[in-house]
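As provided, my_file_17.cif (mmCIF, C-alpha atoms) reads as follows.
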data_input
#
loop_
_atom_site.group_PDB
_atom_site.id
_atom_site.type_symbol
_atom_site.label_atom_id
_atom_site.label_comp_id
_atom_site.auth_asym_id
_atom_site.auth_seq_id
_atom_site.Cartn_x
_atom_site.Cartn_y
_atom_site.Cartn_z
ATOM 1 C CA MET A 1 48.060 121.635 30.143
ATOM 2 C CA SER A 2 49.245 118.251 28.973
ATOM 3 C CA ASN A 3 46.881 115.705 27.436
ATOM 4 C CA LEU A 4 48.718 112.895 29.238
ATOM 5 C CA VAL A 5 46.965 110.700 31.771
ATOM 6 C CA LEU A 6 50.208 109.655 33.412
ATOM 7 C CA SER A 7 53.744 110.987 33.155
ATOM 8 C CA ALA A 8 56.908 109.914 34.955
ATOM 9 C CA LYS A 9 60.244 111.694 34.624
ATOM 10 C CA GLY A 10 63.544 110.484 36.066
ATOM 11 C CA LEU A 11 61.726 107.990 38.283
ATOM 12 C CA ALA A 12 64.046 106.114 40.652
ATOM 13 C CA LYS A 13 63.625 103.948 43.725
ATOM 14 C CA SER A 14 66.237 102.598 46.093
ATOM 15 C CA PHE A 15 65.939 100.463 49.195
ATOM 16 C CA PHE A 16 68.450 99.923 51.964
ATOM 17 C CA GLN A 17 69.578 96.520 53.196
ATOM 18 C CA GLY A 18 71.496 97.481 56.286
ATOM 19 C CA SER A 19 73.903 100.170 55.125
ATOM 20 C CA THR A 20 73.845 98.965 51.504
ATOM 21 C CA GLU A 21 71.711 100.925 49.033
ATOM 22 C CA VAL A 22 69.970 98.759 46.431
ATOM 23 C CA ALA A 23 68.824 100.732 43.390
ATOM 24 C CA VAL A 24 65.720 99.026 41.992
ATOM 25 C CA LEU A 25 64.775 101.635 39.373
ATOM 26 C CA ARG A 26 66.924 104.297 37.751
ATOM 27 C CA GLY A 27 65.783 107.139 35.503
ATOM 28 C CA ILE A 28 62.446 105.822 34.226
ATOM 29 C CA ASP A 29 60.619 108.146 31.821
ATOM 30 C CA LEU A 30 57.096 107.233 30.724
ATOM 31 C CA ASP A 31 54.203 109.122 29.151
ATOM 32 C CA LEU A 32 50.737 107.586 28.727
ATOM 33 C CA ALA A 33 47.996 109.220 26.677
ATOM 34 C CA PRO A 34 44.263 108.636 27.201
ATOM 35 C CA GLY A 35 43.181 105.196 25.978
ATOM 36 C CA GLU A 36 46.733 103.911 25.754
ATOM 37 C CA CYS A 37 47.307 100.408 27.117
ATOM 38 C CA VAL A 38 50.732 99.320 28.348
ATOM 39 C CA ALA A 39 52.104 96.003 29.569
ATOM 40 C CA VAL A 40 55.041 96.018 31.958
ATOM 41 C CA VAL A 41 57.115 92.882 31.482
ATOM 42 C CA GLY A 42 60.499 91.762 32.738
ATOM 43 C CA ALA A 43 62.387 89.206 34.748
ATOM 44 C CA SER A 44 61.435 88.437 38.320
ATOM 45 C CA GLY A 45 62.950 91.048 40.615
ATOM 46 C CA SER A 46 63.475 93.622 37.862
ATOM 47 C CA GLY A 47 61.297 96.278 39.532
ATOM 48 C CA LYS A 48 57.954 95.909 37.706
ATOM 49 C CA SER A 49 55.775 95.989 40.828
ATOM 50 C CA THR A 50 57.883 98.740 42.374
ATOM 51 C CA MET A 51 57.409 100.843 39.241
ATOM 52 C CA LEU A 52 53.630 100.269 39.235
ATOM 53 C CA HIS A 53 53.411 101.226 42.902
ATOM 54 C CA LEU A 54 55.298 104.448 42.170
ATOM 55 C CA LEU A 55 53.207 105.251 39.082
ATOM 56 C CA GLY A 56 49.988 104.708 41.001
ATOM 57 C CA GLY A 57 51.066 106.839 43.931
ATOM 58 C CA LEU A 58 51.100 103.866 46.287
ATOM 59 C CA ASP A 59 54.765 104.473 47.125
ATOM 60 C CA THR A 60 57.121 107.464 47.029
ATOM 61 C CA PRO A 61 60.029 107.585 44.572
ATOM 62 C CA SER A 62 63.595 108.167 45.743
ATOM 63 C CA ALA A 63 63.953 110.571 42.809
ATOM 64 C CA GLY A 64 61.878 111.830 39.920
ATOM 65 C CA THR A 65 58.255 112.823 39.517
ATOM 66 C CA VAL A 66 54.930 111.202 38.738
ATOM 67 C CA HIS A 67 52.013 113.236 37.397
ATOM 68 C CA ILE A 68 48.464 111.974 36.905
ATOM 69 C CA LEU A 69 46.401 114.321 34.738
ATOM 70 C CA GLY A 70 49.037 116.977 35.296
ATOM 71 C CA LYS A 71 48.918 116.721 39.098
ATOM 72 C CA ASP A 72 52.202 116.037 40.864
ATOM 73 C CA MET A 73 51.595 113.001 43.074
ATOM 74 C CA ALA A 74 54.146 114.271 45.611
ATOM 75 C CA GLY A 75 52.256 117.552 45.973
ATOM 76 C CA ILE A 76 48.836 116.179 46.907
ATOM 77 C CA GLY A 77 47.405 114.342 49.900
ATOM 78 C CA ASP A 78 46.443 110.692 50.259
ATOM 79 C CA ALA A 79 42.741 111.309 49.620
ATOM 80 C CA GLU A 80 43.404 113.135 46.341
ATOM 81 C CA ARG A 81 45.875 110.433 45.226
ATOM 82 C CA SER A 82 43.258 107.769 45.951
ATOM 83 C CA ARG A 83 40.618 109.700 44.019
ATOM 84 C CA LEU A 84 42.906 110.146 41.007
ATOM 85 C CA ARG A 85 43.754 106.432 41.009
ATOM 86 C CA ASN A 86 40.121 105.393 41.320
ATOM 87 C CA GLN A 87 38.893 107.654 38.554
ATOM 88 C CA ASN A 88 41.753 107.524 36.064
ATOM 89 C CA LEU A 89 43.924 104.390 36.321
ATOM 90 C CA GLY A 90 43.369 100.661 36.015
ATOM 91 C CA PHE A 91 46.079 98.221 37.068
ATOM 92 C CA VAL A 92 46.054 94.490 36.451
ATOM 93 C CA TYR A 93 48.685 92.815 38.581
ATOM 94 C CA GLN A 94 50.069 89.316 38.090
ATOM 95 C CA PHE A 95 48.082 88.258 41.161
ATOM 96 C CA HIS A 96 44.415 89.181 40.799
ATOM 97 C CA HIS A 97 43.905 90.734 44.283
ATOM 98 C CA LEU A 98 40.192 89.874 44.280
ATOM 99 C CA LEU A 99 38.487 90.091 47.656
ATOM 100 C CA GLN A 100 37.495 86.575 48.740
ATOM 101 C CA GLU A 101 34.354 87.588 50.631
ATOM 102 C CA PHE A 102 32.761 89.184 47.553
ATOM 103 C CA THR A 103 31.371 87.718 44.331
ATOM 104 C CA ALA A 104 32.997 88.318 40.956
ATOM 105 C CA GLN A 105 30.345 90.929 40.199
ATOM 106 C CA GLU A 106 30.889 92.715 43.525
ATOM 107 C CA ASN A 107 34.680 92.664 43.032
ATOM 108 C CA VAL A 108 34.338 94.245 39.598
ATOM 109 C CA ALA A 109 31.821 96.807 40.895
ATOM 110 C CA MET A 110 34.115 97.830 43.790
ATOM 111 C CA PRO A 111 35.854 100.794 42.059
ATOM 112 C CA LEU A 112 32.435 102.194 41.120
ATOM 113 C CA LEU A 113 31.050 101.651 44.622
ATOM 114 C CA ILE A 114 34.080 103.426 46.120
ATOM 115 C CA ARG A 115 33.029 106.464 44.092
ATOM 116 C CA ASN A 116 29.714 106.414 46.005
ATOM 117 C CA GLY A 117 27.752 105.840 42.831
ATOM 118 C CA SER A 118 24.461 104.025 42.609
ATOM 119 C CA HIS A 119 24.754 100.424 43.847
ATOM 120 C CA ALA A 120 22.324 99.170 41.185
ATOM 121 C CA GLU A 121 24.190 101.003 38.408
ATOM 122 C CA ALA A 122 27.563 99.734 39.629
ATOM 123 C CA MET A 123 26.307 96.144 39.685
ATOM 124 C CA GLU A 124 24.762 96.496 36.224
ATOM 125 C CA THR A 125 27.983 97.963 34.792
ATOM 126 C CA ALA A 126 30.044 95.234 36.470
ATOM 127 C CA ALA A 127 27.800 92.523 35.006
ATOM 128 C CA ALA A 128 28.179 94.028 31.537
ATOM 129 C CA MET A 129 31.979 94.164 31.910
ATOM 130 C CA LEU A 130 32.116 90.553 33.131
ATOM 131 C CA ASN A 131 30.065 89.620 30.083
ATOM 132 C CA GLU A 132 32.685 91.342 27.908
ATOM 133 C CA VAL A 133 35.396 89.066 29.327
ATOM 134 C CA GLY A 134 33.244 85.934 28.996
ATOM 135 C CA LEU A 135 32.212 85.583 32.639
ATOM 136 C CA SER A 136 28.490 86.384 32.553
ATOM 137 C CA HIS A 137 27.792 82.877 33.861
ATOM 138 C CA ARG A 138 30.046 83.426 36.926
ATOM 139 C CA LEU A 139 28.633 86.687 38.378
ATOM 140 C CA THR A 140 27.723 85.189 41.765
ATOM 141 C CA HIS A 141 30.825 83.033 42.164
ATOM 142 C CA ARG A 142 33.439 83.964 44.743
ATOM 143 C CA PRO A 143 37.115 84.011 43.701
ATOM 144 C CA SER A 144 37.717 80.597 45.307
ATOM 145 C CA GLU A 145 35.087 79.192 42.926
ATOM 146 C CA LEU A 146 36.792 80.613 39.811
ATOM 147 C CA SER A 147 39.690 79.136 37.876
ATOM 148 C CA GLY A 148 42.976 81.050 37.736
ATOM 149 C CA GLY A 149 42.157 82.337 34.261
ATOM 150 C CA GLU A 150 38.679 83.397 35.344
ATOM 151 C CA ARG A 151 40.137 85.271 38.302
ATOM 152 C CA GLN A 152 42.536 87.082 36.008
ATOM 153 C CA ARG A 153 39.696 88.006 33.614
ATOM 154 C CA ALA A 154 37.664 89.304 36.576
ATOM 155 C CA ALA A 155 40.668 91.447 37.573
ATOM 156 C CA ILE A 156 40.878 92.772 34.000
ATOM 157 C CA ALA A 157 37.152 93.571 34.096
ATOM 158 C CA ARG A 158 37.683 95.432 37.393
ATOM 159 C CA ALA A 159 40.506 97.485 35.866
ATOM 160 C CA LEU A 160 38.354 98.384 32.859
ATOM 161 C CA VAL A 161 35.002 98.985 34.580
ATOM 162 C CA THR A 162 35.739 102.665 35.274
ATOM 163 C CA LYS A 163 36.616 103.236 31.609
#
Hey, can you dump this file as structure tokens for me?
Amino acid sequence: MSNLVLSAKGLAKSFFQGSTEVAVLRGIDLDLAPGECVAVVGASGSGKSTMLHLLGGLDTPSAGTVHILGKDMAGIGDAERSRLRNQNLGFVYQFHHLLQEFTAQENVAMPLLIRNGSHAEAMETAAAMLNEVGLSHRLTHRPSELSGGERQRAAIARALVTK
């Protein structure tokens, strides 16, 4: 059994525009150990979001494999993929993807609430994580009431809240 959280081998993704195949990713290999933090950077249109969608099991690769905690993402169902994502991965996208109808604290607590944990515990943990990113004074603010930087920090807190 591998001690890797995430492993990709020979990862590739192509799209078709009419009859023309457009290869977005070719032969990506990546191994991430527990606690490892990685930033994906590159020019606009270079395939960063496509790669993250493949690594998180949100999309299917044209070739190659993705394993989370040793489980082949292609060999499991949607519910298991969702569970693995929720319990083991944290993504911070360029756009924060905060839900407008919820407060910063509720947005950060969301991954914990999805696990069907205690609402009070999830809110307490979210408040502590928002404090860690300097947003303890903005717990009850909705995303539209936060600056761009505050929204991004809330998204980082959400990615980290599940540890």
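Distance check against A:Gly35 using all atoms listed in the file: of A:Asn88, A:Ser62, A:Ser136, A:Gln152, the minimum falls on A:Asn88.
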Who sits within 12 Å of A:Glu124, all atoms listed in the file, same chain under 4 positions skipped, as a list in words: Gln105, Glu106, Val108, Ala109, Leu112, Leu113, Gly117, Ser118, His119, Ala120, Ala128, Met129, Leu130, Asn131, Ser136, Leu139 and Val161 of chain A
Min atom-atom distance to A:Met51 from the set A:Val133, A:Leu25, A:Ala63, A:Leu89, counting only C-alpha atoms, belongs to A:Leu25
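Near A:Leu55, within a cut-off of 10 Å and counting all atoms listed in the file, sit the residues A:Leu6, A:Ser7, A:Ala8, A:Leu11, A:Leu30, A:Ser49, A:Thr50, A:Thr60, A:Pro61, A:Thr65, A:Val66, A:His67, A:Ile68, A:Met73, A:Arg85, A:Leu89, with same-chain residues fewer than 5 positions away left out.
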Report, in Å with one decimal, the straight-line distance from atom CA of A:Glu121 to atom CA of A:Leu160.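 Atom CA of A:Glu121 sits 15.4 Å away from atom CA of A:Leu160.
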Taking the file above as input, evaluate the PyMOL selection byres ((chain A and resi 27) around 8) and report the hits as a VMD selection string. chain A and resid 9 to 12 25 to 26 28 to 29 64
Determine the axis-aligned bounding box of all atoms of stretch 71-90 of chain A present in the file, pad each side by 4 Å, and express its centre and edge lengths in Å to one decimal place as lines of an AutoDock Vina configuration file.
center_x = 46.5
center_y = 109.1
center_z = 43.1
size_x = 23.3
size_y = 24.9
size_z = 22.2
re atom CA of A:Glu150 and atom CA of A:Ala43: distance 24.4 Å
Evaluate the PyMOL selection byres ((chain A and resi 22) around 12) and record the selected residues as a PyMOL selection string, following the chain and residue labels used in the document. chain A and resi 12-21+23-26+45-47+62
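Each of A:Lys71, A:Ala127, A:Lys163, A:Arg142 was checked against A:Pro34 using all atoms listed in the file; the smallest atom-to-atom distance is that of A:Lys163.
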Nearest to A:Asp72: which of A:Ala157, A:Val40, A:Ile114, A:Val5 is it, counting only C-alpha atoms?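 Of all the options, A:Val5 lies closest to A:Asp72.
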Quick one: apply the PyMOL selection byres ((chain A and resi 101) around 12) to the file and drop the selected residues here as a PyMOL selection string. chain A and resi 97-100+102-107+140-145
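For the choices A:Leu84, A:Ala33, A:Leu58, A:Ala159, the atom-to-atom distance to A:Asn3 is smallest for A:Ala33 when using only C-alpha atoms.
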Interatomic distance, atom CA of A:Gly70 to atom CA of A:Ile156 (Å, one decimal):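 Atom CA of A:Ile156 lies at a distance of 25.6 Å from atom CA of A:Gly70.
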Missing atoms in stretch 98-115 of chain A: can you complete it with N, CA, C and O atoms, as a PDB file, in the coordinates of the input?
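For reference, out-v6.pdb as written:
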ATOM      1  N   LEU A  98      41.633  89.843  44.077  1.00  0.00           N
ATOM      2  CA  LEU A  98      40.192  89.874  44.280  1.00  0.00           C
ATOM      3  C   LEU A  98      39.909  89.639  45.759  1.00  0.00           C
ATOM      4  O   LEU A  98      40.636  88.905  46.427  1.00  0.00           O
ATOM      5  N   LEU A  99      38.871  90.248  46.251  1.00  0.00           N
ATOM      6  CA  LEU A  99      38.487  90.091  47.656  1.00  0.00           C
ATOM      7  C   LEU A  99      37.639  88.835  47.799  1.00  0.00           C
ATOM      8  O   LEU A  99      36.585  88.707  47.171  1.00  0.00           O
ATOM      9  N   GLN A 100      38.102  87.908  48.636  1.00  0.00           N
ATOM     10  CA  GLN A 100      37.495  86.575  48.740  1.00  0.00           C
ATOM     11  C   GLN A 100      36.048  86.592  49.238  1.00  0.00           C
ATOM     12  O   GLN A 100      35.274  85.702  48.905  1.00  0.00           O
ATOM     13  N   GLU A 101      35.695  87.582  50.048  1.00  0.00           N
ATOM     14  CA  GLU A 101      34.354  87.588  50.631  1.00  0.00           C
ATOM     15  C   GLU A 101      33.286  88.147  49.693  1.00  0.00           C
ATOM     16  O   GLU A 101      32.102  88.146  50.028  1.00  0.00           O
ATOM     17  N   PHE A 102      33.697  88.609  48.513  1.00  0.00           N
ATOM     18  CA  PHE A 102      32.761  89.184  47.553  1.00  0.00           C
ATOM     19  C   PHE A 102      32.675  88.332  46.296  1.00  0.00           C
ATOM     20  O   PHE A 102      33.620  87.628  45.932  1.00  0.00           O
ATOM     21  N   THR A 103      31.550  88.435  45.591  1.00  0.00           N
ATOM     22  CA  THR A 103      31.371  87.718  44.331  1.00  0.00           C
ATOM     23  C   THR A 103      32.192  88.389  43.236  1.00  0.00           C
ATOM     24  O   THR A 103      32.696  89.504  43.416  1.00  0.00           O
ATOM     25  N   ALA A 104      32.288  87.729  42.100  1.00  0.00           N
ATOM     26  CA  ALA A 104      32.997  88.318  40.956  1.00  0.00           C
ATOM     27  C   ALA A 104      32.369  89.657  40.591  1.00  0.00           C
ATOM     28  O   ALA A 104      33.068  90.646  40.367  1.00  0.00           O
ATOM     29  N   GLN A 105      31.041  89.696  40.550  1.00  0.00           N
ATOM     30  CA  GLN A 105      30.345  90.929  40.199  1.00  0.00           C
ATOM     31  C   GLN A 105      30.629  92.039  41.217  1.00  0.00           C
ATOM     32  O   GLN A 105      30.887  93.186  40.845  1.00  0.00           O
ATOM     33  N   GLU A 106      30.609  91.719  42.496  1.00  0.00           N
ATOM     34  CA  GLU A 106      30.889  92.715  43.525  1.00  0.00           C
ATOM     35  C   GLU A 106      32.337  93.195  43.451  1.00  0.00           C
ATOM     36  O   GLU A 106      32.611  94.390  43.624  1.00  0.00           O
ATOM     37  N   ASN A 107      33.277  92.282  43.175  1.00  0.00           N
ATOM     38  CA  ASN A 107      34.680  92.664  43.032  1.00  0.00           C
ATOM     39  C   ASN A 107      34.863  93.643  41.882  1.00  0.00           C
ATOM     40  O   ASN A 107      35.584  94.634  42.008  1.00  0.00           O
ATOM     41  N   VAL A 108      34.208  93.368  40.770  1.00  0.00           N
ATOM     42  CA  VAL A 108      34.338  94.245  39.598  1.00  0.00           C
ATOM     43  C   VAL A 108      33.651  95.583  39.850  1.00  0.00           C
ATOM     44  O   VAL A 108      34.119  96.629  39.413  1.00  0.00           O
ATOM     45  N   ALA A 109      32.558  95.572  40.591  1.00  0.00           N
ATOM     46  CA  ALA A 109      31.821  96.807  40.895  1.00  0.00           C
ATOM     47  C   ALA A 109      32.538  97.688  41.917  1.00  0.00           C
ATOM     48  O   ALA A 109      32.247  98.882  42.030  1.00  0.00           O
ATOM     49  N   MET A 110      33.488  97.126  42.672  1.00  0.00           N
ATOM     50  CA  MET A 110      34.115  97.830  43.790  1.00  0.00           C
ATOM     51  C   MET A 110      34.637  99.224  43.437  1.00  0.00           C
ATOM     52  O   MET A 110      34.367 100.178  44.179  1.00  0.00           O
ATOM     53  N   PRO A 111      35.380  99.434  42.344  1.00  0.00           N
ATOM     54  CA  PRO A 111      35.854 100.794  42.059  1.00  0.00           C
ATOM     55  C   PRO A 111      34.708 101.790  41.856  1.00  0.00           C
ATOM     56  O   PRO A 111      34.831 102.960  42.209  1.00  0.00           O
ATOM     57  N   LEU A 112      33.600 101.323  41.319  1.00  0.00           N
ATOM     58  CA  LEU A 112      32.435 102.194  41.120  1.00  0.00           C
ATOM     59  C   LEU A 112      31.743 102.477  42.446  1.00  0.00           C
ATOM     60  O   LEU A 112      31.286 103.599  42.693  1.00  0.00           O
ATOM     61  N   LEU A 113      31.677 101.472  43.309  1.00  0.00           N
ATOM     62  CA  LEU A 113      31.050 101.651  44.622  1.00  0.00           C
ATOM     63  C   LEU A 113      31.870 102.592  45.495  1.00  0.00           C
ATOM     64  O   LEU A 113      31.320 103.376  46.269  1.00  0.00           O
ATOM     65  N   ILE A 114      33.196 102.531  45.359  1.00  0.00           N
ATOM     66  CA  ILE A 114      34.080 103.426  46.120  1.00  0.00           C
ATOM     67  C   ILE A 114      33.807 104.880  45.762  1.00  0.00           C
ATOM     68  O   ILE A 114      33.945 105.769  46.582  1.00  0.00           O
ATOM     69  N   ARG A 115      33.362 105.106  44.533  1.00  0.00           N
ATOM     70  CA  ARG A 115      33.029 106.464  44.092  1.00  0.00           C
ATOM     71  C   ARG A 115      31.695 106.948  44.670  1.00  0.00           C
ATOM     72  O   ARG A 115      31.268 108.053  44.377  1.00  0.00           O
TER      73      ARG A 115
END
